[in-house]
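Enquirer: One structure is given below, represented as structure tokens, and several questions about it will come after.
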Amino acid sequence: MQEVIYGCMGLGGSWSDEPHGADHVEQAAAAVQAALDAGITLFDHADIYRSGKSEAVFGEVLAGTPGLRERIRLQTKCGIRLNERGLQTHYDLSRDAILERVEGSLKRLRTDYVDILLLHRPDPLADPAEVASAVGHLLAEGKIRQVGVSNMSAAQIEVLQDRLETPVVANQLEMSLLKRSWLESQVLVNHQEHLDYSFPHGTLEYCTRNNITLQAYGSLAKGVYTGAGQENPTSAEAATAELVAELAGEYGTSGESVLLGWLMKHPAGIAPVIGTVNPGRIRACADAARVATQLTRTDWYKIWISARGSNIP
């Protein structure tokens with residue numbers, strides 16, 4: 001489904017074990033309301049975000065807002081372990097780990113189920129049959145409704161799908177005007193510049209062919225093109241920010257909606273994930289779907305070529 005998704009990684013305070021406070025719950029409530037005002041109904045989590053506090057503050061908002069759970073959809077991710085067993089980071093998609101982590105997420109979110117469970121990163125030690133067993137168990141218990149993946153290539157999804165008895169419905173990847181490997185890989189086949197990009201070629205096409213929604217995290221490019229980015233932008237970034245502002249005026253919208261609309265115009269059916277906690281910036285994304293429909297082919301290419309800082313081959 002082509003829509004804007006609200007990413008909740010910024011909610012909950014620090015990444016430490018320090019407990020969250022009432023101010024963090026208030027911040028989450030304001031972000032949720034701004035997202036709803038912008039027409040957003042899918043909220044993206046992960047068990048590791050803010051050491052579990054992103055889910056916890058969201059759960060408090062759910063508990064304190066009667067009827068909210070019925071108005072929204074939730075997804076969360078599992079598969080990454082942080083600062084456990086003497087390792088800063090490692091991956092774990094074993095059956096027991098998936099079941100344990102989903103239980104923890106449901107408890108923090110104060111809900112009986114999530115609409116989509118995403119497998120956060122490829123685990124080289126994961127047995128696809130074991131993953132399928134865990135997913136099947138969670139589906140049978142009604143604790144998840146659908147399953148997806150994150151940061152996976154077409155080949156990795158295909159191996160999983162061979163064992164799963166339910167379709168993979170989403171693949172969440174970093175995709176934006178700034179992080180363009182997904183796009184450049186489409187046009188640089190048989191071109192020297194192809195070597196500059198590592199995006200697994202064919203992944204967009206595989207997802208499109210198999211009705212797997214591409215969820216684009218980092219879609220606002222950290223504000224580089226809308227005035228909230230780094231202090232010393234490159235010449236291409238500065239020129240593109242000017243172009244985005246100019247087009248925002250022409251289309252009667254915000255720079256944020258131009259950036260997201262640019263992504264959503266791609267026929268792969270990209271669903272941008274926005275991560276800002278600023279209510280005004282969240283609401284500024286409300287026009288994205290309209291921009292995607294109205295943005296001309298010429299303007300779409302102008303934005304891309306400007307961000308590249310050089311012409312396409």
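Chain lettering (A, B, ...) mirrors the order of the structure tokens, residue numbering begins at 1 for each chain separately, and ligand numbering begins at 1 in order of display.
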Could you pull out the residues in range 83-280 of chain A that DSSP calls helix (DSSP H, G or I) from the backbone, as a ChimeraX atom specification?

Expert: /A:95-109,128-140,154-163,181-187,192-196,203-209,221-223,235-251,255-265,279-280

Enquirer: Can you list every residue of range 4-33 of chain A that has an atom at most 10 Å from range 209-223 of chain A, with its nearest atom pair and the distance in Å to one decimal, using only C-alpha atoms, ordered by chain then number, as a Markdown table?

Expert:
```
| residue | atom | partner | partner_atom | distance |
| --- | --- | --- | --- | --- |
| A:Val4 | CA | A:Gln215 | CA | 8.9 |
| A:Ile5 | CA | A:Gln215 | CA | 8.1 |
| A:Tyr6 | CA | A:Tyr217 | CA | 9.7 |
| A:Gly7 | CA | A:Tyr217 | CA | 8.0 |
```

Enquirer: Any chance you could list, as a list in words, the residues in range 151-286 of chain A that come up strand (DSSP E or B) when DSSP is run on the backbone?

Expert: Val168, Val169, Ala170, Asn171, Gln172, Leu173, Glu174, Thr213, Leu214, Gln215, Ala216, Tyr217, Ile270, Ala271, Pro272, Val273 and Ile274 of chain A

Enquirer: Give the answer as one residue: which of A:Ile80, A:Leu204, A:Val224, A:Leu295 has the shortest atom-to-atom distance to Leu247 in chain A, using only C-alpha atoms?

Expert: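 Distance minimum relative to Leu247 in chain A lands on A:Leu295.
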
Enquirer: I'd like to know which of A:Thr203, A:Gln172, A:Ser257, A:Thr293 is closest to Ser185 in chain A, using only C-alpha atoms.

Expert: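 Smallest separation from Ser185 in chain A among the options: A:Thr203.
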